[in-house]
file my_file_22.cif (mmCIF, C-alpha atoms)
data_final
#
loop_
_atom_site.group_PDB
_atom_site.id
_atom_site.type_symbol
_atom_site.label_atom_id
_atom_site.label_comp_id
_atom_site.auth_asym_id
_atom_site.auth_seq_id
_atom_site.Cartn_x
_atom_site.Cartn_y
_atom_site.Cartn_z
ATOM 1 C CA MET G 1 91.522 62.798 99.744
ATOM 2 C CA ALA G 2 88.062 64.048 100.739
ATOM 3 C CA ARG G 3 86.389 61.644 98.333
ATOM 4 C CA ASP G 4 88.589 58.659 99.157
ATOM 5 C CA ASN G 5 88.079 59.086 102.921
ATOM 6 C CA ASN G 6 84.439 60.272 102.794
ATOM 7 C CA ILE G 7 85.222 63.404 104.807
ATOM 8 C CA VAL G 8 84.653 67.132 104.599
ATOM 9 C CA LEU G 9 88.120 68.628 104.267
ATOM 10 C CA VAL G 10 89.184 72.198 105.099
ATOM 11 C CA THR G 11 92.454 73.136 103.389
ATOM 12 C CA SER G 12 94.604 76.257 103.412
ATOM 13 C CA LEU G 13 96.668 77.431 100.460
ATOM 14 C CA PHE G 14 98.471 80.270 98.666
ATOM 15 C CA GLU G 15 96.072 81.382 95.919
ATOM 16 C CA LYS G 16 97.274 83.288 92.854
ATOM 17 C CA ARG G 17 94.551 85.525 91.407
ATOM 18 C CA THR G 18 96.734 87.242 88.808
ATOM 19 C CA ALA G 19 100.338 88.371 88.459
ATOM 20 C CA GLY G 20 101.396 89.899 91.780
ATOM 21 C CA LEU G 21 98.026 89.367 93.504
ATOM 22 C CA TYR G 22 97.743 86.549 96.027
ATOM 23 C CA HIS G 23 95.396 85.476 98.803
ATOM 24 C CA ASN G 24 95.729 83.224 101.846
ATOM 25 C CA THR G 25 92.734 81.041 101.026
ATOM 26 C CA ALA G 26 90.871 78.154 102.663
ATOM 27 C CA VAL G 27 89.137 75.785 100.264
ATOM 28 C CA VAL G 28 86.513 73.421 101.678
ATOM 29 C CA PHE G 29 85.923 70.093 99.922
ATOM 30 C CA GLU G 30 82.743 68.069 100.282
ATOM 31 C CA LYS G 31 82.755 64.305 100.929
ATOM 32 C CA ASP G 32 82.465 63.579 97.209
ATOM 33 C CA GLY G 33 85.519 65.709 96.413
ATOM 34 C CA THR G 34 83.628 68.682 95.025
ATOM 35 C CA VAL G 35 84.435 72.215 96.206
ATOM 36 C CA ALA G 36 81.875 73.317 98.798
ATOM 37 C CA GLY G 37 83.259 76.843 99.027
ATOM 38 C CA LYS G 38 86.228 79.011 99.877
ATOM 39 C CA TYR G 39 87.248 81.802 102.213
ATOM 40 C CA ARG G 40 90.010 84.364 101.669
ATOM 41 C CA LYS G 41 91.709 85.677 104.794
ATOM 42 C CA MET G 42 90.550 89.171 105.711
ATOM 43 C CA HIS G 43 93.080 90.191 108.389
ATOM 44 C CA ILE G 44 96.668 90.226 107.129
ATOM 45 C CA PRO G 45 99.508 90.537 109.705
ATOM 46 C CA ASP G 46 102.851 92.269 109.538
ATOM 47 C CA ASP G 47 104.621 90.919 112.591
ATOM 48 C CA PRO G 48 108.166 89.719 113.368
ATOM 49 C CA ALA G 49 108.768 86.785 110.956
ATOM 50 C CA PHE G 50 105.170 87.052 109.670
ATOM 51 C CA TYR G 51 105.521 89.522 106.782
ATOM 52 C CA GLU G 52 102.267 88.610 105.091
ATOM 53 C CA LYS G 53 101.369 92.147 103.988
ATOM 54 C CA PHE G 54 104.293 91.861 101.561
ATOM 55 C CA TYR G 55 102.691 89.024 99.589
ATOM 56 C CA PHE G 56 99.017 88.645 100.591
ATOM 57 C CA THR G 57 96.187 91.019 99.832
ATOM 58 C CA ILE G 58 92.951 91.351 101.812
ATOM 59 C CA GLY G 59 90.249 88.804 101.046
ATOM 60 C CA ASP G 60 87.327 89.852 98.867
ATOM 61 C CA LEU G 61 84.697 87.250 99.746
ATOM 62 C CA GLY G 62 83.693 88.690 103.105
ATOM 63 C CA PHE G 63 82.668 86.566 106.077
ATOM 64 C CA GLU G 64 80.362 83.941 104.580
ATOM 65 C CA PRO G 65 79.749 80.483 106.130
ATOM 66 C CA ILE G 66 80.142 77.473 103.852
ATOM 67 C CA ASN G 67 77.399 74.853 103.630
ATOM 68 C CA THR G 68 78.598 71.246 103.927
ATOM 69 C CA SER G 69 77.115 67.864 104.767
ATOM 70 C CA VAL G 70 78.486 68.146 108.320
ATOM 71 C CA GLY G 71 77.075 71.609 108.946
ATOM 72 C CA ARG G 72 77.453 75.257 108.078
ATOM 73 C CA LEU G 73 81.126 76.083 108.616
ATOM 74 C CA GLY G 74 82.451 79.510 109.602
ATOM 75 C CA VAL G 75 85.974 79.144 108.213
ATOM 76 C CA LEU G 76 88.496 81.828 109.185
ATOM 77 C CA ILE G 77 92.297 81.779 108.931
ATOM 78 C CA CYS G 78 95.061 82.327 111.495
ATOM 79 C CA TRP G 79 95.316 86.109 112.165
ATOM 80 C CA ASP G 80 91.519 86.296 111.905
ATOM 81 C CA GLN G 81 91.365 84.430 115.217
ATOM 82 C CA TRP G 82 92.225 87.579 117.183
ATOM 83 C CA TYR G 83 89.182 89.506 115.916
ATOM 84 C CA PRO G 84 85.820 89.055 117.672
ATOM 85 C CA GLU G 85 84.089 90.886 114.812
ATOM 86 C CA ALA G 86 84.899 88.055 112.384
ATOM 87 C CA SER G 87 83.545 85.281 114.592
ATOM 88 C CA ARG G 88 80.461 87.341 115.425
ATOM 89 C CA ILE G 89 79.579 87.984 111.790
ATOM 90 C CA MET G 90 80.073 84.322 110.889
ATOM 91 C CA THR G 91 77.757 83.393 113.769
ATOM 92 C CA LEU G 92 75.100 85.948 112.810
ATOM 93 C CA LYS G 93 75.150 84.539 109.276
ATOM 94 C CA GLY G 94 74.349 81.076 110.573
ATOM 95 C CA ALA G 95 77.679 79.319 111.059
ATOM 96 C CA GLU G 96 77.338 76.192 113.219
ATOM 97 C CA ILE G 97 81.060 75.616 113.818
ATOM 98 C CA LEU G 98 83.988 78.047 113.688
ATOM 99 C CA ILE G 99 87.180 76.615 112.166
ATOM 100 C CA TYR G 100 90.602 78.301 112.210
ATOM 101 C CA PRO G 101 93.428 76.762 110.126
ATOM 102 C CA THR G 102 96.504 78.300 111.761
ATOM 103 C CA ALA G 103 100.287 78.624 111.657
ATOM 104 C CA ILE G 104 101.496 80.406 114.783
ATOM 105 C CA GLY G 105 104.519 79.919 116.997
ATOM 106 C CA TRP G 106 107.164 81.538 119.118
ATOM 107 C CA PHE G 107 110.872 82.292 118.872
ATOM 108 C CA ASP G 108 113.527 80.377 120.796
ATOM 109 C CA SER G 109 114.873 83.700 122.064
ATOM 110 C CA ASP G 110 111.594 84.381 123.911
ATOM 111 C CA SER G 111 111.574 83.663 127.635
ATOM 112 C CA GLN G 112 109.474 80.794 128.893
ATOM 113 C CA ASP G 113 107.161 83.271 130.623
ATOM 114 C CA GLU G 114 106.606 85.100 127.333
ATOM 115 C CA LYS G 115 105.936 81.831 125.504
ATOM 116 C CA ASP G 116 103.401 80.840 128.156
ATOM 117 C CA ARG G 117 101.634 84.213 127.907
ATOM 118 C CA GLN G 118 101.385 84.037 124.134
ATOM 119 C CA LEU G 119 100.012 80.503 124.107
ATOM 120 C CA ASP G 120 97.541 81.260 126.879
ATOM 121 C CA SER G 121 96.332 84.373 125.040
ATOM 122 C CA TRP G 122 95.890 82.397 121.827
ATOM 123 C CA ILE G 123 93.784 79.723 123.499
ATOM 124 C CA THR G 124 91.834 82.219 125.602
ATOM 125 C CA ILE G 125 90.789 84.506 122.741
ATOM 126 C CA GLN G 126 89.435 81.595 120.723
ATOM 127 C CA ARG G 127 87.585 80.041 123.625
ATOM 128 C CA ALA G 128 86.115 83.504 124.209
ATOM 129 C CA HIS G 129 84.784 83.530 120.622
ATOM 130 C CA ALA G 130 83.089 80.204 121.306
ATOM 131 C CA ILE G 131 81.582 81.501 124.558
ATOM 132 C CA ALA G 132 80.460 84.903 123.240
ATOM 133 C CA ASN G 133 78.717 83.279 120.288
ATOM 134 C CA ALA G 134 77.705 79.977 121.935
ATOM 135 C CA ILE G 135 79.263 78.025 119.095
ATOM 136 C CA PRO G 136 81.715 75.089 118.875
ATOM 137 C CA LEU G 137 85.179 75.972 117.632
ATOM 138 C CA ILE G 138 88.039 74.040 116.040
ATOM 139 C CA SER G 139 91.548 75.496 115.958
ATOM 140 C CA CYS G 140 94.211 73.627 113.951
ATOM 141 C CA ASN G 141 97.826 74.742 114.383
ATOM 142 C CA ARG G 142 100.999 73.314 112.888
ATOM 143 C CA VAL G 143 103.993 72.000 114.853
ATOM 144 C CA GLY G 144 107.744 71.930 114.264
ATOM 145 C CA PHE G 145 110.527 74.402 113.493
ATOM 146 C CA GLU G 146 110.862 76.440 110.312
ATOM 147 C CA ALA G 147 114.084 78.342 109.681
ATOM 148 C CA ASP G 148 113.932 81.858 108.242
ATOM 149 C CA SER G 149 117.163 82.877 106.532
ATOM 150 C CA SER G 150 115.675 86.234 105.465
ATOM 151 C CA SER G 151 114.980 87.345 109.039
ATOM 152 C CA VAL G 152 117.116 88.546 111.909
ATOM 153 C CA LEU G 153 115.371 85.790 113.829
ATOM 154 C CA ASP G 154 116.453 82.177 113.376
ATOM 155 C CA GLY G 155 112.935 80.945 112.686
ATOM 156 C CA ILE G 156 109.667 79.930 114.278
ATOM 157 C CA ASN G 157 108.803 77.021 116.539
ATOM 158 C CA PHE G 158 105.135 76.399 115.814
ATOM 159 C CA TRP G 159 103.490 75.572 119.105
ATOM 160 C CA GLY G 160 100.785 73.102 118.061
ATOM 161 C CA ASN G 161 98.184 72.833 120.839
ATOM 162 C CA SER G 162 95.336 72.404 118.346
ATOM 163 C CA PHE G 163 92.042 72.084 120.173
ATOM 164 C CA ILE G 164 88.295 71.670 119.889
ATOM 165 C CA CYS G 165 85.953 73.412 122.293
ATOM 166 C CA GLY G 166 82.209 73.472 122.844
ATOM 167 C CA ALA G 167 79.651 76.265 122.936
ATOM 168 C CA GLN G 168 80.659 77.281 126.469
ATOM 169 C CA GLY G 169 84.358 77.210 125.670
ATOM 170 C CA GLU G 170 84.842 73.822 127.295
ATOM 171 C CA ILE G 171 87.818 71.900 125.900
ATOM 172 C CA LEU G 172 86.636 68.729 124.169
ATOM 173 C CA ALA G 173 89.998 67.640 122.758
ATOM 174 C CA LYS G 174 93.513 69.088 122.751
ATOM 175 C CA ALA G 175 96.782 68.207 121.029
ATOM 176 C CA ASN G 176 100.352 68.533 122.252
ATOM 177 C CA SER G 177 103.016 71.028 121.205
ATOM 178 C CA LYS G 178 105.671 68.635 119.915
ATOM 179 C CA SER G 179 104.281 66.303 117.264
ATOM 180 C CA GLU G 180 101.508 65.902 114.741
ATOM 181 C CA GLU G 181 98.401 64.131 115.937
ATOM 182 C CA ILE G 182 94.757 63.669 114.993
ATOM 183 C CA LEU G 183 92.029 64.896 117.330
ATOM 184 C CA TYR G 184 88.596 63.308 117.502
ATOM 185 C CA SER G 185 85.569 64.817 119.178
ATOM 186 C CA TYR G 186 81.790 64.521 119.082
ATOM 187 C CA ILE G 187 80.119 67.885 118.537
ATOM 188 C CA ASP G 188 76.440 68.152 119.429
ATOM 189 C CA ASN G 189 74.833 71.010 117.492
ATOM 190 C CA ASN G 190 71.779 70.812 119.760
ATOM 191 C CA ARG G 191 74.021 72.025 122.568
ATOM 192 C CA THR G 192 74.297 75.404 120.834
ATOM 193 C CA LYS G 193 70.588 76.064 121.310
ATOM 194 C CA GLU G 194 70.689 74.885 124.908
ATOM 195 C CA VAL G 195 73.527 77.285 125.711
ATOM 196 C CA ARG G 196 71.902 80.207 123.910
ATOM 197 C CA ASP G 197 68.711 79.610 125.863
ATOM 198 C CA ILE G 198 70.510 80.050 129.185
ATOM 199 C CA TRP G 199 73.059 82.632 127.993
ATOM 200 C CA PRO G 200 71.176 84.693 125.358
ATOM 201 C CA PHE G 201 74.083 86.945 124.411
ATOM 202 C CA LEU G 202 72.892 87.333 120.815
ATOM 203 C CA ARG G 203 69.404 88.361 121.933
ATOM 204 C CA ASP G 204 70.682 91.066 124.286
ATOM 205 C CA ARG G 205 73.017 92.802 121.846
ATOM 206 C CA ARG G 206 72.407 96.565 121.589
ATOM 207 C CA ILE G 207 72.917 96.911 117.864
ATOM 208 C CA GLU G 208 71.617 100.498 117.852
ATOM 209 C CA SER G 209 74.643 101.524 119.955
ATOM 210 C CA TYR G 210 77.429 99.792 118.032
ATOM 211 C CA SER G 211 78.056 102.307 115.241
ATOM 212 C CA ASP G 212 81.477 103.166 116.712
ATOM 213 C CA LEU G 213 82.683 99.720 115.676
ATOM 214 C CA ASN G 214 82.814 101.007 112.098
ATOM 215 C CA LYS G 215 85.488 103.548 113.059
ATOM 216 C CA ARG G 216 89.250 103.062 113.164
ATOM 217 C CA TYR G 217 89.257 104.776 116.576
ATOM 218 C CA CYS G 218 86.804 106.863 118.580
ATOM 219 C CA ASP G 219 87.245 110.465 119.669
ATOM 220 C CA ASP G 220 86.327 111.375 123.255
#
call {"tool": "encode", "arguments": {"input": "my_file_22.cif", "output": "C-alpha cells"}}
result
Amino acid sequence: MARDNNIVLVTSLFEKRTAGLYHNTAVVFEKDGTVAGKYRKMHIPDDPAFYEKFYFTIGDLGFEPINTSVGRLGVLICWDQWYPEASRIMTLKGAEILIYPTAIGWFDSDSQDEKDRQLDSWITIQRAHAIANAIPLISCNRVGFEADSSSVLDGINFWGNSFICGAQGEILAKANSKSEEILYSYIDNNRTKEVRDIWPFLRDRRIESYSDLNKRYCDD
C-alpha cells in the first residue's frame, strides 16, 4: 500500500517475538514499501476492558525517532500518549512530528459528563505535548463499537476525534466521532523553529534538578 500510493505509512500490529511473548508494535513503511523502522509500545495499560498487561510485554526498543522521507517521526502508541516523558525524549532525540496510533473509547454506561471529561482530557494532554515540545502532533483513533463477551462491560465505543495540531497546539484538522474519514493538513516544519525561538522551553529546562523523575515516587 505504501509503495502503490507513494506514501509513508505508519501501521500498528500485534507482534509475536516468540511463544508467549508479544508486543504492541508500530511499523513504519517508506514510500517504496521498505521498512523504515519500528516502535514497540513502552507503556502497557491494565484498565477496564483494556487488559493489555495480560498479553503484551513492555517494548525493548526505547524511544527512538524513525527517519523517513517526510521527516523524522516520533511514533508512540495509544497509552503512551498520557506520558509527557515519552514525547519529551522523542523530541530531544530529534523527532519532527509526534504520531500516536490509538484505540480508545468509552462505555455506554458512562454518563455524558464523564464521556465529555475523558475526551477533553485525551485531546488536552496531547495538545500539551505539542505545546511543551513545540512540535506538530498527529493522533489517529479508531471509531465504532466493539463487543467484549469476556468482560462485565458490554464493549467499547471508540470515540474517533482523530486530529492534527501544530507546534503551539493549534488544531489544524479534526475528525468526527461517528465514522471513518481521512484528514489532510499541511505541516510546516519551519514553524517549529519559529515557535521555539519565542517559547524556548527546551532551552530553559533545569536538567540538573530532574533526578527525581527516575523514581517511582518521591519521599518528602
call {"tool": "resolve_selection", "arguments": {"input": "my_file_22.cif", "expression": "the PyMOL selection byres ((chain G and resi 103) around 12)", "output": "short mmCIF file (atom, residue, chain, number, x, y, z; two decimals) with C-alpha atoms, in the frame of the given file"}}
result
data_model
loop_
_atom_site.label_atom_id
_atom_site.label_comp_id
_atom_site.auth_asym_id
_atom_site.auth_seq_id
_atom_site.Cartn_x
_atom_site.Cartn_y
_atom_site.Cartn_z
CA SER G 12 94.60 76.26 103.41
CA LEU G 13 96.67 77.43 100.46
CA ASN G 24 95.73 83.22 101.85
CA ALA G 49 108.77 86.78 110.96
CA PHE G 50 105.17 87.05 109.67
CA ILE G 77 92.30 81.78 108.93
CA CYS G 78 95.06 82.33 111.50
CA TRP G 79 95.32 86.11 112.16
CA ASP G 80 91.52 86.30 111.90
CA GLN G 81 91.36 84.43 115.22
CA TYR G 100 90.60 78.30 112.21
CA PRO G 101 93.43 76.76 110.13
CA THR G 102 96.50 78.30 111.76
CA ILE G 104 101.50 80.41 114.78
CA GLY G 105 104.52 79.92 117.00
CA TRP G 106 107.16 81.54 119.12
CA TRP G 122 95.89 82.40 121.83
CA SER G 139 91.55 75.50 115.96
CA CYS G 140 94.21 73.63 113.95
CA ASN G 141 97.83 74.74 114.38
CA ARG G 142 101.00 73.31 112.89
CA VAL G 143 103.99 72.00 114.85
CA GLY G 144 107.74 71.93 114.26
CA PHE G 145 110.53 74.40 113.49
CA GLU G 146 110.86 76.44 110.31
CA ILE G 156 109.67 79.93 114.28
CA ASN G 157 108.80 77.02 116.54
CA PHE G 158 105.14 76.40 115.81
CA TRP G 159 103.49 75.57 119.10
CA GLY G 160 100.78 73.10 118.06
CA ASN G 161 98.18 72.83 120.84
CA SER G 162 95.34 72.40 118.35
#
call {"tool": "resolve_selection", "arguments": {"input": "my_file_22.cif", "expression": "the PyMOL selection byres ((chain G and resi 202) around 9)", "output": "ChimeraX atom specification"}}
result
/G:92,132-134,196,199-201,203-205
call {"tool": "atom_distance", "arguments": {"input": "my_file_22.cif", "atom1": "CA of Glu30 (chain G)", "atom2": "CA of Glu64 (chain G)"}}
result
16.6 Å
call {"tool": "resolve_selection", "arguments": {"input": "my_file_22.cif", "expression": "the PyMOL selection byres ((chain G and resi 89) around 10)", "output": "NGL selection string"}}
result
:G and (62-65 or 74 or 84-88 or 90-95 or 133)
call {"tool": "residues_around", "arguments": {"input": "my_file_22.cif", "residues": "Val10 (chain G)", "least_positions_apart": "4", "cutoff": "10 Å", "atoms": "all atoms listed in the file", "output": "PyMOL selection string"}}
result
chain G and resi 2+26-30+36-38+73+75+99-101
call {"tool": "atom_distance", "arguments": {"input": "my_file_22.cif", "atom1": "CA of Pro45 (chain G)", "atom2": "CA of Asp110 (chain G)"}}
result
19.6 Å
call {"tool": "atom_distance", "arguments": {"input": "my_file_22.cif", "atom1": "CA of Phe163 (chain G)", "atom2": "CA of Asp47 (chain G)"}}
result
23.9 Å
call {"tool": "closest_residue", "arguments": {"input": "my_file_22.cif", "among": "G:Lys16, G:Val35, G:Gln112, G:Asp148", "to": "Tyr51 (chain G)", "atoms": "all atoms listed in the file"}}
result
G:Asp148
call {"tool": "closest_residue", "arguments": {"input": "my_file_22.cif", "among": "G:Leu213, G:Ile125, G:Phe56, G:Leu119", "to": "Ser177 (chain G)", "atoms": "all atoms listed in the file"}}
result
G:Leu119
call {"tool": "closest_residue", "arguments": {"input": "my_file_22.cif", "among": "G:Met42, G:Ile207, G:Ile131, G:Met1", "to": "Leu98 (chain G)", "atoms": "only C-alpha atoms"}}
result
G:Ile131
call {"tool": "build_atoms", "arguments": {"input": "my_file_22.cif", "residues": "region 113-144 of chain G", "atoms": "N, CA and C atoms", "output": "PDB file, in the frame of the given file"}}
result
ATOM      1  N   ASP G 113     108.342  82.518 130.174  1.00  0.00           N
ATOM      2  CA  ASP G 113     107.161  83.271 130.623  1.00  0.00           C
ATOM      3  C   ASP G 113     106.439  83.904 129.438  1.00  0.00           C
ATOM      4  N   GLU G 114     107.213  84.477 128.508  1.00  0.00           N
ATOM      5  CA  GLU G 114     106.606  85.100 127.333  1.00  0.00           C
ATOM      6  C   GLU G 114     105.917  84.055 126.454  1.00  0.00           C
ATOM      7  N   LYS G 115     106.553  82.906 126.280  1.00  0.00           N
ATOM      8  CA  LYS G 115     105.936  81.831 125.504  1.00  0.00           C
ATOM      9  C   LYS G 115     104.617  81.398 126.137  1.00  0.00           C
ATOM     10  N   ASP G 116     104.617  81.257 127.439  1.00  0.00           N
ATOM     11  CA  ASP G 116     103.401  80.840 128.156  1.00  0.00           C
ATOM     12  C   ASP G 116     102.288  81.872 127.992  1.00  0.00           C
ATOM     13  N   ARG G 117     102.644  83.157 128.061  1.00  0.00           N
ATOM     14  CA  ARG G 117     101.634  84.213 127.907  1.00  0.00           C
ATOM     15  C   ARG G 117     101.036  84.202 126.505  1.00  0.00           C
ATOM     16  N   GLN G 118     101.883  84.040 125.509  1.00  0.00           N
ATOM     17  CA  GLN G 118     101.385  84.037 124.134  1.00  0.00           C
ATOM     18  C   GLN G 118     100.449  82.861 123.879  1.00  0.00           C
ATOM     19  N   LEU G 119     100.846  81.687 124.313  1.00  0.00           N
ATOM     20  CA  LEU G 119     100.012  80.503 124.107  1.00  0.00           C
ATOM     21  C   LEU G 119      98.692  80.623 124.854  1.00  0.00           C
ATOM     22  N   ASP G 120      98.761  81.102 126.093  1.00  0.00           N
ATOM     23  CA  ASP G 120      97.541  81.260 126.879  1.00  0.00           C
ATOM     24  C   ASP G 120      96.600  82.281 126.236  1.00  0.00           C
ATOM     25  N   SER G 121      97.153  83.365 125.708  1.00  0.00           N
ATOM     26  CA  SER G 121      96.332  84.373 125.040  1.00  0.00           C
ATOM     27  C   SER G 121      95.656  83.798 123.808  1.00  0.00           C
ATOM     28  N   TRP G 122      96.401  83.008 123.059  1.00  0.00           N
ATOM     29  CA  TRP G 122      95.890  82.397 121.827  1.00  0.00           C
ATOM     30  C   TRP G 122      94.719  81.461 122.114  1.00  0.00           C
ATOM     31  N   ILE G 123      94.869  80.639 123.131  1.00  0.00           N
ATOM     32  CA  ILE G 123      93.784  79.723 123.499  1.00  0.00           C
ATOM     33  C   ILE G 123      92.600  80.493 124.073  1.00  0.00           C
ATOM     34  N   THR G 124      92.894  81.469 124.920  1.00  0.00           N
ATOM     35  CA  THR G 124      91.834  82.219 125.602  1.00  0.00           C
ATOM     36  C   THR G 124      90.960  82.995 124.621  1.00  0.00           C
ATOM     37  N   ILE G 125      91.578  83.685 123.661  1.00  0.00           N
ATOM     38  CA  ILE G 125      90.789  84.506 122.741  1.00  0.00           C
ATOM     39  C   ILE G 125      89.846  83.644 121.919  1.00  0.00           C
ATOM     40  N   GLN G 126      90.293  82.448 121.541  1.00  0.00           N
ATOM     41  CA  GLN G 126      89.435  81.595 120.723  1.00  0.00           C
ATOM     42  C   GLN G 126      88.327  80.948 121.552  1.00  0.00           C
ATOM     43  N   ARG G 127      88.646  80.547 122.746  1.00  0.00           N
ATOM     44  CA  ARG G 127      87.585  80.041 123.625  1.00  0.00           C
ATOM     45  C   ARG G 127      86.563  81.143 123.901  1.00  0.00           C
ATOM     46  N   ALA G 128      87.031  82.385 123.994  1.00  0.00           N
ATOM     47  CA  ALA G 128      86.115  83.504 124.209  1.00  0.00           C
ATOM     48  C   ALA G 128      85.172  83.685 123.022  1.00  0.00           C
ATOM     49  N   HIS G 129      85.675  83.465 121.790  1.00  0.00           N
ATOM     50  CA  HIS G 129      84.784  83.530 120.622  1.00  0.00           C
ATOM     51  C   HIS G 129      83.681  82.477 120.734  1.00  0.00           C
ATOM     52  N   ALA G 130      84.080  81.272 121.149  1.00  0.00           N
ATOM     53  CA  ALA G 130      83.089  80.204 121.306  1.00  0.00           C
ATOM     54  C   ALA G 130      82.043  80.591 122.346  1.00  0.00           C
ATOM     55  N   ILE G 131      82.494  81.127 123.467  1.00  0.00           N
ATOM     56  CA  ILE G 131      81.582  81.501 124.558  1.00  0.00           C
ATOM     57  C   ILE G 131      80.667  82.651 124.136  1.00  0.00           C
ATOM     58  N   ALA G 132      81.239  83.712 123.585  1.00  0.00           N
ATOM     59  CA  ALA G 132      80.460  84.903 123.240  1.00  0.00           C
ATOM     60  C   ALA G 132      79.399  84.618 122.195  1.00  0.00           C
ATOM     61  N   ASN G 133      79.659  83.608 121.352  1.00  0.00           N
ATOM     62  CA  ASN G 133      78.717  83.279 120.288  1.00  0.00           C
ATOM     63  C   ASN G 133      77.985  81.962 120.520  1.00  0.00           C
ATOM     64  N   ALA G 134      78.300  81.287 121.632  1.00  0.00           N
ATOM     65  CA  ALA G 134      77.705  79.977 121.935  1.00  0.00           C
ATOM     66  C   ALA G 134      77.800  79.065 120.723  1.00  0.00           C
ATOM     67  N   ILE G 135      79.036  78.803 120.305  1.00  0.00           N
ATOM     68  CA  ILE G 135      79.263  78.025 119.095  1.00  0.00           C
ATOM     69  C   ILE G 135      80.512  77.159 119.273  1.00  0.00           C
ATOM     70  N   PRO G 136      80.501  75.909 118.806  1.00  0.00           N
ATOM     71  CA  PRO G 136      81.715  75.089 118.875  1.00  0.00           C
ATOM     72  C   PRO G 136      82.810  75.676 117.982  1.00  0.00           C
ATOM     73  N   LEU G 137      84.051  75.391 118.343  1.00  0.00           N
ATOM     74  CA  LEU G 137      85.179  75.972 117.632  1.00  0.00           C
ATOM     75  C   LEU G 137      86.297  74.951 117.495  1.00  0.00           C
ATOM     76  N   ILE G 138      86.906  74.927 116.315  1.00  0.00           N
ATOM     77  CA  ILE G 138      88.039  74.040 116.040  1.00  0.00           C
ATOM     78  C   ILE G 138      89.223  74.904 115.616  1.00  0.00           C
ATOM     79  N   SER G 139      90.340  74.759 116.300  1.00  0.00           N
ATOM     80  CA  SER G 139      91.548  75.496 115.958  1.00  0.00           C
ATOM     81  C   SER G 139      92.662  74.511 115.640  1.00  0.00           C
ATOM     82  N   CYS G 140      93.196  74.584 114.415  1.00  0.00           N
ATOM     83  CA  CYS G 140      94.211  73.627 113.951  1.00  0.00           C
ATOM     84  C   CYS G 140      95.524  74.364 113.716  1.00  0.00           C
ATOM     85  N   ASN G 141      96.538  74.066 114.505  1.00  0.00           N
ATOM     86  CA  ASN G 141      97.826  74.742 114.383  1.00  0.00           C
ATOM     87  C   ASN G 141      98.933  73.746 114.050  1.00  0.00           C
ATOM     88  N   ARG G 142      99.890  74.190 113.277  1.00  0.00           N
ATOM     89  CA  ARG G 142     100.999  73.314 112.888  1.00  0.00           C
ATOM     90  C   ARG G 142     102.012  73.181 114.030  1.00  0.00           C
ATOM     91  N   VAL G 143     102.909  72.212 113.892  1.00  0.00           N
ATOM     92  CA  VAL G 143     103.993  72.000 114.853  1.00  0.00           C
ATOM     93  C   VAL G 143     105.318  71.967 114.098  1.00  0.00           C
ATOM     94  N   GLY G 144     106.417  72.047 114.856  1.00  0.00           N
ATOM     95  CA  GLY G 144     107.744  71.930 114.264  1.00  0.00           C
ATOM     96  C   GLY G 144     108.419  73.265 114.034  1.00  0.00           C
TER      97      GLY G 144
END
